[in-house]
Amino acid sequence: MRVASRRILLIGAGHTNLHIVRMWMQQPIVDASLALITPFPCATYSGMFPGTLAGLYTPADMEIDLYRLTKAAGVDLIVDEAIAVDSARKEVKFHERPSITYDVASIGVGSVPRQMETLKTHPGFVPIKPMFTALQRLDSATQNFASRPVRVAVIGGGAAGVELALCAEHRIRKSGGLPELTLIDANSQILGGFRNRTIRLAEEELRQRNINVRCGARVTGHNGLDLIFDDGHSLTADVVVWVTGACPQSLLRN
């Protein structure tokens, strides 16, 4: 069997790169090999994550089996974390396996929430990325509170934060827990940039679910379980879900 003379790498199993895999299945490029690089054996469809959190779908419904997909497409699968790309040498460096070279590389690793370092050492800190393990980490953090409420702070009042707060409240309550949620945003109101009617509808739904909304103060750190705000106030939280705006992953910074 003749070895292809050109190597194309897809770094990250995001929507665009998986579409390339699908198109490769129909029409591969002559004299070229294609490899998909990802830290996990499954890709999580982010659009279905809130619905899965709320119990509308099973976790398997939002997952794409990358072993099956790449095998069917004739694409190599590399399950490891790409930690750096040397564009001058055309080389990808990994967390565990040896580096490999490429002719063309497509980077589609997505983003991470901004300023996570602020609360990274909080005992109940749950970043929403990586999404493949988010459900398991959130369930683990919100269980085992016996008969007392579990105090959850969702940091970030954009569309993702509002949706996550509503779905998390439902999930905790459905599993027999007593959710006590607070949605926190540094802006003067949630859902910045949305229409006023949309904001009013969201605020009404949050009130009906007994989800507190705290705006106009930024979380700057923590003291044990207590979140510290820039206005000097504090809030005790057993679990902190970080859903702020996006910033690049370390792969792009490296």
# chains A, B, ... in the order shown; residues from 1 in each chain; ligands from 1

call {"tool": "residues_around", "arguments": {"residues": "Met116 of chain A", "least_positions_apart": "3", "cutoff": "8 Å", "atoms": "only C-alpha atoms", "output": "ChimeraX atom specification"}}
result
/A:113,119-120,127,242

call {"tool": "write_last_selection", "arguments": {"atoms": "all heavy atoms", "output": "PDB file, in the first residue's frame"}}
result
ATOM      1  N   PRO A 113     -13.616  29.420  29.308  1.00  0.00           N
ATOM      2  CA  PRO A 113     -14.153  30.618  29.963  1.00  0.00           C
ATOM      3  C   PRO A 113     -13.029  31.551  30.428  1.00  0.00           C
ATOM      4  O   PRO A 113     -11.977  31.098  30.869  1.00  0.00           O
ATOM      5  CB  PRO A 113     -14.937  30.045  31.151  1.00  0.00           C
ATOM      6  CG  PRO A 113     -15.284  28.655  30.739  1.00  0.00           C
ATOM      7  CD  PRO A 113     -14.108  28.185  29.926  1.00  0.00           C
ATOM      8  N   LEU A 119     -11.099  31.845  40.579  1.00  0.00           N
ATOM      9  CA  LEU A 119     -11.701  30.937  41.569  1.00  0.00           C
ATOM     10  C   LEU A 119     -11.251  29.490  41.393  1.00  0.00           C
ATOM     11  O   LEU A 119     -11.916  28.579  41.895  1.00  0.00           O
ATOM     12  CB  LEU A 119     -13.230  31.012  41.479  1.00  0.00           C
ATOM     13  CG  LEU A 119     -13.885  32.298  41.960  1.00  0.00           C
ATOM     14  CD1 LEU A 119     -15.380  32.236  41.773  1.00  0.00           C
ATOM     15  CD2 LEU A 119     -13.558  32.570  43.420  1.00  0.00           C
ATOM     16  N   LYS A 120     -10.149  29.286  40.704  1.00  0.00           N
ATOM     17  CA  LYS A 120      -9.728  27.922  40.393  1.00  0.00           C
ATOM     18  C   LYS A 120      -9.488  27.073  41.642  1.00  0.00           C
ATOM     19  O   LYS A 120      -9.622  25.851  41.608  1.00  0.00           O
ATOM     20  CB  LYS A 120      -8.456  27.973  39.543  1.00  0.00           C
ATOM     21  CG  LYS A 120      -8.304  26.814  38.587  1.00  0.00           C
ATOM     22  CD  LYS A 120      -7.199  27.076  37.589  1.00  0.00           C
ATOM     23  CE  LYS A 120      -7.136  25.972  36.549  1.00  0.00           C
ATOM     24  NZ  LYS A 120      -6.070  26.229  35.555  1.00  0.00           N
ATOM     25  N   PRO A 127     -15.598  24.297  36.239  1.00  0.00           N
ATOM     26  CA  PRO A 127     -15.610  24.962  34.925  1.00  0.00           C
ATOM     27  C   PRO A 127     -16.423  24.136  33.934  1.00  0.00           C
ATOM     28  O   PRO A 127     -16.457  22.906  34.015  1.00  0.00           O
ATOM     29  CB  PRO A 127     -14.131  25.006  34.538  1.00  0.00           C
ATOM     30  CG  PRO A 127     -13.514  23.869  35.290  1.00  0.00           C
ATOM     31  CD  PRO A 127     -14.291  23.717  36.564  1.00  0.00           C
ATOM     32  N   TRP A 242     -18.475  28.209  36.447  1.00  0.00           N
ATOM     33  CA  TRP A 242     -17.867  29.364  35.781  1.00  0.00           C
ATOM     34  C   TRP A 242     -18.273  29.378  34.313  1.00  0.00           C
ATOM     35  O   TRP A 242     -17.868  28.517  33.545  1.00  0.00           O
ATOM     36  CB  TRP A 242     -16.349  29.291  35.926  1.00  0.00           C
ATOM     37  CG  TRP A 242     -15.640  30.585  35.658  1.00  0.00           C
ATOM     38  CD1 TRP A 242     -15.069  30.969  34.486  1.00  0.00           C
ATOM     39  CD2 TRP A 242     -15.420  31.654  36.570  1.00  0.00           C
ATOM     40  NE1 TRP A 242     -14.506  32.211  34.609  1.00  0.00           N
ATOM     41  CE2 TRP A 242     -14.711  32.658  35.889  1.00  0.00           C
ATOM     42  CE3 TRP A 242     -15.766  31.875  37.907  1.00  0.00           C
ATOM     43  CZ2 TRP A 242     -14.333  33.858  36.487  1.00  0.00           C
ATOM     44  CZ3 TRP A 242     -15.384  33.060  38.499  1.00  0.00           C
ATOM     45  CH2 TRP A 242     -14.673  34.036  37.798  1.00  0.00           C
TER      46      TRP A 242
END

call {"tool": "residues_around", "arguments": {"residues": "segment 144-153 of chain A", "least_positions_apart": "3", "cutoff": "9 Å", "atoms": "only C-alpha atoms", "output": "ChimeraX atom specification"}}
result
/A:124,140-141,165,169,172,177-184,235-242

call {"tool": "closest_residue", "arguments": {"among": "A:Val79, A:Leu69, A:Ile11, A:Ile211", "to": "Glu91 of chain A", "atoms": "only C-alpha atoms"}}
result
A:Ile11

call {"tool": "residues_around", "arguments": {"residues": "Tyr67 of chain A", "least_positions_apart": "3", "cutoff": "8 Å", "atoms": "only C-alpha atoms", "output": "ChimeraX atom specification"}}
result
/A:41-42,70-71,77

call {"tool": "closest_residue", "arguments": {"among": "A:Phe125, A:Val104, A:Thr244, A:Gly74", "to": "Arg89 of chain A", "atoms": "only C-alpha atoms"}}
result
A:Val104

call {"tool": "atom_distance", "arguments": {"atom1": "atom CA of Leu36 of chain A", "atom2": "atom CA of Ala246 of chain A"}}
result
23.6 Å

call {"tool": "atom_distance", "arguments": {"atom1": "atom CA of Ile128 of chain A", "atom2": "atom CA of Asp61 of chain A"}}
result
18.3 Å

call {"tool": "atom_distance", "arguments": {"atom1": "atom CA of Pro50 of chain A", "atom2": "atom CA of Lys174 of chain A"}}
result
14.9 Å

call {"tool": "closest_residue", "arguments": {"among": "A:Ala43, A:Ala88, A:Leu252, A:Leu34", "to": "Ala13 of chain A", "atoms": "only C-alpha atoms"}}
result
A:Ala43

call {"tool": "residues_around", "arguments": {"residues": "Met23 of chain A", "least_positions_apart": "2", "cutoff": "12 Å", "atoms": "only C-alpha atoms", "output": "PyMOL selection string"}}
result
chain A and resi 16-21+25-29+34+69-70+72-75

call {"tool": "closest_residue", "arguments": {"among": "A:Lys129, A:Ile155, A:His170, A:Val112", "to": "Leu53 of chain A", "atoms": "only C-alpha atoms"}}
result
A:His170

call {"tool": "closest_residue", "arguments": {"among": "A:Val85, A:Ile78, A:Cys247, A:Ala217", "to": "Gln115 of chain A", "atoms": "only C-alpha atoms"}}
result
A:Cys247

call {"tool": "select_by_dssp", "arguments": {"residues": "segment 32-128 of chain A", "states": "helix (DSSP H, G or I)", "output": "ChimeraX atom specification"}}
result
/A:46-53,59-62,66-73,116-118

call {"tool": "write_last_selection", "arguments": {"atoms": "N, CA, C and O atoms", "output": "mmCIF file, in the first residue's frame"}}
result
data_model
loop_
_atom_site.group_PDB
_atom_site.id
_atom_site.type_symbol
_atom_site.label_atom_id
_atom_site.label_comp_id
_atom_site.auth_asym_id
_atom_site.auth_seq_id
_atom_site.Cartn_x
_atom_site.Cartn_y
_atom_site.Cartn_z
ATOM 1 N N SER A 46 -22.107 20.806 21.826
ATOM 2 C CA SER A 46 -22.389 21.803 22.849
ATOM 3 C C SER A 46 -23.839 22.304 22.812
ATOM 4 O O SER A 46 -24.396 22.660 23.854
ATOM 5 N N GLY A 47 -24.449 22.325 21.636
ATOM 6 C CA GLY A 47 -25.817 22.808 21.528
ATOM 7 C C GLY A 47 -26.824 21.959 22.295
ATOM 8 O O GLY A 47 -27.903 22.444 22.664
ATOM 9 N N MET A 48 -26.474 20.693 22.551
ATOM 10 C CA MET A 48 -27.379 19.807 23.286
ATOM 11 C C MET A 48 -27.032 19.697 24.765
ATOM 12 O O MET A 48 -27.745 19.026 25.519
ATOM 13 N N PHE A 49 -25.953 20.357 25.194
ATOM 14 C CA PHE A 49 -25.529 20.211 26.590
ATOM 15 C C PHE A 49 -26.581 20.698 27.584
ATOM 16 O O PHE A 49 -26.900 19.980 28.545
ATOM 17 N N PRO A 50 -27.171 21.913 27.416
ATOM 18 C CA PRO A 50 -28.184 22.339 28.385
ATOM 19 C C PRO A 50 -29.370 21.385 28.457
ATOM 20 O O PRO A 50 -29.875 21.084 29.546
ATOM 21 N N GLY A 51 -29.829 20.893 27.300
ATOM 22 C CA GLY A 51 -30.941 19.947 27.289
ATOM 23 C C GLY A 51 -30.600 18.639 27.974
ATOM 24 O O GLY A 51 -31.438 18.028 28.640
ATOM 25 N N THR A 52 -29.360 18.208 27.824
ATOM 26 C CA THR A 52 -28.903 16.990 28.506
ATOM 27 C C THR A 52 -28.834 17.236 30.015
ATOM 28 O O THR A 52 -29.226 16.384 30.815
ATOM 29 N N LEU A 53 -28.344 18.421 30.403
ATOM 30 C CA LEU A 53 -28.291 18.790 31.817
ATOM 31 C C LEU A 53 -29.688 18.785 32.428
ATOM 32 O O LEU A 53 -29.874 18.370 33.578
ATOM 33 N N PRO A 59 -26.853 11.525 28.054
ATOM 34 C CA PRO A 59 -25.504 11.934 27.670
ATOM 35 C C PRO A 59 -25.050 11.336 26.340
ATOM 36 O O PRO A 59 -24.368 12.005 25.557
ATOM 37 N N ALA A 60 -25.462 10.111 26.066
ATOM 38 C CA ALA A 60 -25.064 9.475 24.805
ATOM 39 C C ALA A 60 -25.644 10.188 23.590
ATOM 40 O O ALA A 60 -25.061 10.156 22.505
ATOM 41 N N ASP A 61 -26.805 10.840 23.775
ATOM 42 C CA ASP A 61 -27.443 11.542 22.660
ATOM 43 C C ASP A 61 -26.599 12.696 22.139
ATOM 44 O O ASP A 61 -26.675 13.058 20.959
ATOM 45 N N MET A 62 -25.807 13.324 23.009
ATOM 46 C CA MET A 62 -25.031 14.501 22.587
ATOM 47 C C MET A 62 -23.581 14.156 22.259
ATOM 48 O O MET A 62 -22.785 15.042 21.964
ATOM 49 N N LEU A 66 -15.933 9.073 18.208
ATOM 50 C CA LEU A 66 -14.899 9.430 17.233
ATOM 51 C C LEU A 66 -14.182 8.217 16.670
ATOM 52 O O LEU A 66 -13.674 8.264 15.549
ATOM 53 N N TYR A 67 -14.116 7.142 17.430
ATOM 54 C CA TYR A 67 -13.509 5.916 16.891
ATOM 55 C C TYR A 67 -14.315 5.414 15.696
ATOM 56 O O TYR A 67 -13.753 5.092 14.636
ATOM 57 N N ARG A 68 -15.619 5.350 15.844
ATOM 58 C CA ARG A 68 -16.476 4.871 14.755
ATOM 59 C C ARG A 68 -16.457 5.825 13.574
ATOM 60 O O ARG A 68 -16.372 5.393 12.424
ATOM 61 N N LEU A 69 -16.530 7.124 13.861
ATOM 62 C CA LEU A 69 -16.577 8.112 12.786
ATOM 63 C C LEU A 69 -15.294 8.093 11.963
ATOM 64 O O LEU A 69 -15.341 8.057 10.723
ATOM 65 N N THR A 70 -14.153 8.145 12.635
ATOM 66 C CA THR A 70 -12.884 8.202 11.898
ATOM 67 C C THR A 70 -12.592 6.899 11.159
ATOM 68 O O THR A 70 -12.052 6.917 10.050
ATOM 69 N N LYS A 71 -12.971 5.776 11.761
ATOM 70 C CA LYS A 71 -12.751 4.488 11.081
ATOM 71 C C LYS A 71 -13.566 4.427 9.801
ATOM 72 O O LYS A 71 -13.069 3.989 8.749
ATOM 73 N N ALA A 72 -14.819 4.875 9.867
ATOM 74 C CA ALA A 72 -15.681 4.855 8.681
ATOM 75 C C ALA A 72 -15.174 5.800 7.600
ATOM 76 O O ALA A 72 -15.378 5.557 6.409
ATOM 77 N N ALA A 73 -14.484 6.889 8.022
ATOM 78 C CA ALA A 73 -14.018 7.891 7.064
ATOM 79 C C ALA A 73 -12.613 7.627 6.552
ATOM 80 O O ALA A 73 -12.143 8.337 5.666
ATOM 81 N N MET A 116 -10.722 32.186 34.587
ATOM 82 C CA MET A 116 -11.012 31.070 35.485
ATOM 83 C C MET A 116 -10.078 31.035 36.689
ATOM 84 O O MET A 116 -10.418 30.474 37.740
ATOM 85 N N GLU A 117 -8.880 31.605 36.540
ATOM 86 C CA GLU A 117 -7.898 31.565 37.614
ATOM 87 C C GLU A 117 -8.408 32.240 38.887
ATOM 88 O O GLU A 117 -7.951 31.949 39.991
ATOM 89 N N THR A 118 -9.404 33.137 38.741
ATOM 90 C CA THR A 118 -9.935 33.867 39.891
ATOM 91 C C THR A 118 -10.432 32.929 40.981
ATOM 92 O O THR A 118 -10.232 33.188 42.176
#

call {"tool": "closest_residue", "arguments": {"among": "A:Ile37, A:Asp86, A:Arg171, A:Ile64", "to": "Phe132 of chain A", "atoms": "only C-alpha atoms"}}
result
A:Ile64

call {"tool": "residues_around", "arguments": {"residues": "Gln189 of chain A", "least_positions_apart": "2", "cutoff": "9 Å", "atoms": "only C-alpha atoms", "output": "ChimeraX atom specification"}}
result
/A:157,185-187,191-192,199,213-216

call {"tool": "write_last_selection", "arguments": {"atoms": "C-alpha atoms", "output": "PDB file, in the first residue's frame"}}
result
ATOM      1  CA  GLY A 157     -25.113  36.103  33.183  1.00  0.00           C
ATOM      2  CA  ASP A 185     -23.031  39.009  36.499  1.00  0.00           C
ATOM      3  CA  ALA A 186     -20.668  41.979  36.740  1.00  0.00           C
ATOM      4  CA  ASN A 187     -22.873  44.044  34.403  1.00  0.00           C
ATOM      5  CA  LEU A 191     -28.190  38.960  29.040  1.00  0.00           C
ATOM      6  CA  GLY A 192     -26.244  41.995  27.881  1.00  0.00           C
ATOM      7  CA  ILE A 199     -34.366  39.958  29.424  1.00  0.00           C
ATOM      8  CA  VAL A 213     -29.826  37.238  40.413  1.00  0.00           C
ATOM      9  CA  ARG A 214     -26.916  39.374  41.557  1.00  0.00           C
ATOM     10  CA  CYS A 215     -25.664  42.035  39.148  1.00  0.00           C
ATOM     11  CA  GLY A 216     -23.292  44.965  39.282  1.00  0.00           C
TER      12      GLY A 216
END

call {"tool": "select_by_dssp", "arguments": {"residues": "segment 196-247 of chain A", "states": "strand (DSSP E)", "output": "number ranges by chain"}}
result
A: 212-215, 219-223, 226-229, 234-236, 239-242, 246-247

call {"tool": "write_last_selection", "arguments": {"atoms": "N, CA and C atoms", "output": "CSV table (one decimal), in the first residue's frame"}}
result
chain,number,residue,atom,x,y,z
A,212,ASN,N,-31.8,33.3,42.5
A,212,ASN,CA,-31.4,34.7,42.8
A,212,ASN,C,-30.5,35.3,41.7
A,213,VAL,N,-30.7,36.6,41.4
A,213,VAL,CA,-29.8,37.2,40.4
A,213,VAL,C,-29.1,38.4,41.1
A,214,ARG,N,-27.8,38.3,40.9
A,214,ARG,CA,-26.9,39.4,41.6
A,214,ARG,C,-26.1,40.0,40.5
A,215,CYS,N,-26.4,41.3,40.2
A,215,CYS,CA,-25.7,42.0,39.1
A,215,CYS,C,-24.9,43.2,39.7
A,219,VAL,N,-16.8,39.1,40.9
A,219,VAL,CA,-16.1,38.2,41.8
A,219,VAL,C,-14.6,38.4,41.6
A,220,THR,N,-13.9,38.7,42.6
A,220,THR,CA,-12.5,38.9,42.5
A,220,THR,C,-11.6,37.8,43.2
A,221,GLY,N,-12.3,36.9,44.0
A,221,GLY,CA,-11.5,35.8,44.6
A,221,GLY,C,-12.4,35.1,45.6
A,222,HIS,N,-11.8,34.4,46.5
A,222,HIS,CA,-12.6,33.6,47.5
A,222,HIS,C,-11.8,33.4,48.7
A,223,ASN,N,-12.6,33.2,49.8
A,223,ASN,CA,-12.0,32.8,51.1
A,223,ASN,C,-12.7,31.6,51.6
A,226,ASP,N,-16.5,31.2,50.6
A,226,ASP,CA,-17.0,32.5,50.4
A,226,ASP,C,-16.5,33.2,49.2
A,227,LEU,N,-17.3,33.6,48.3
A,227,LEU,CA,-16.9,34.4,47.1
A,227,LEU,C,-16.8,35.8,47.5
A,228,ILE,N,-15.7,36.5,47.1
A,228,ILE,CA,-15.4,37.9,47.4
A,228,ILE,C,-15.7,38.7,46.2
A,229,PHE,N,-16.5,39.8,46.4
A,229,PHE,CA,-16.9,40.7,45.3
A,229,PHE,C,-16.0,42.0,45.4
A,234,SER,N,-19.7,39.5,50.2
A,234,SER,CA,-19.4,38.1,49.9
A,234,SER,C,-20.6,37.3,49.8
A,235,LEU,N,-20.4,36.0,49.3
A,235,LEU,CA,-21.5,35.1,49.1
A,235,LEU,C,-21.0,33.7,49.3
A,236,THR,N,-21.6,32.9,50.2
A,236,THR,CA,-21.1,31.5,50.4
A,236,THR,C,-21.7,30.6,49.3
A,239,VAL,N,-20.9,25.2,45.5
A,239,VAL,CA,-20.5,24.9,44.1
A,239,VAL,C,-20.4,26.2,43.3
A,240,VAL,N,-19.4,26.3,42.5
A,240,VAL,CA,-19.2,27.5,41.6
A,240,VAL,C,-19.1,27.0,40.2
A,241,VAL,N,-20.0,27.4,39.4
A,241,VAL,CA,-20.0,27.1,37.9
A,241,VAL,C,-19.6,28.3,37.2
A,242,TRP,N,-18.5,28.2,36.4
A,242,TRP,CA,-17.9,29.4,35.8
A,242,TRP,C,-18.3,29.4,34.3
A,246,ALA,N,-15.6,34.1,26.5
A,246,ALA,CA,-14.5,33.1,26.0
A,246,ALA,C,-13.2,33.8,25.9
A,247,CYS,N,-12.1,32.9,26.0
A,247,CYS,CA,-10.8,33.3,25.7
A,247,CYS,C,-10.1,32.1,25.1

call {"tool": "residues_around", "arguments": {"residues": "Arg97 of chain A", "least_positions_apart": "2", "cutoff": "10 Å", "atoms": "only C-alpha atoms", "output": "list in words"}}
result
Ile78, Val79, Asp80, Glu81, Ala82, Lys93, Phe94, His95, Ser99 and Ile100 of chain A
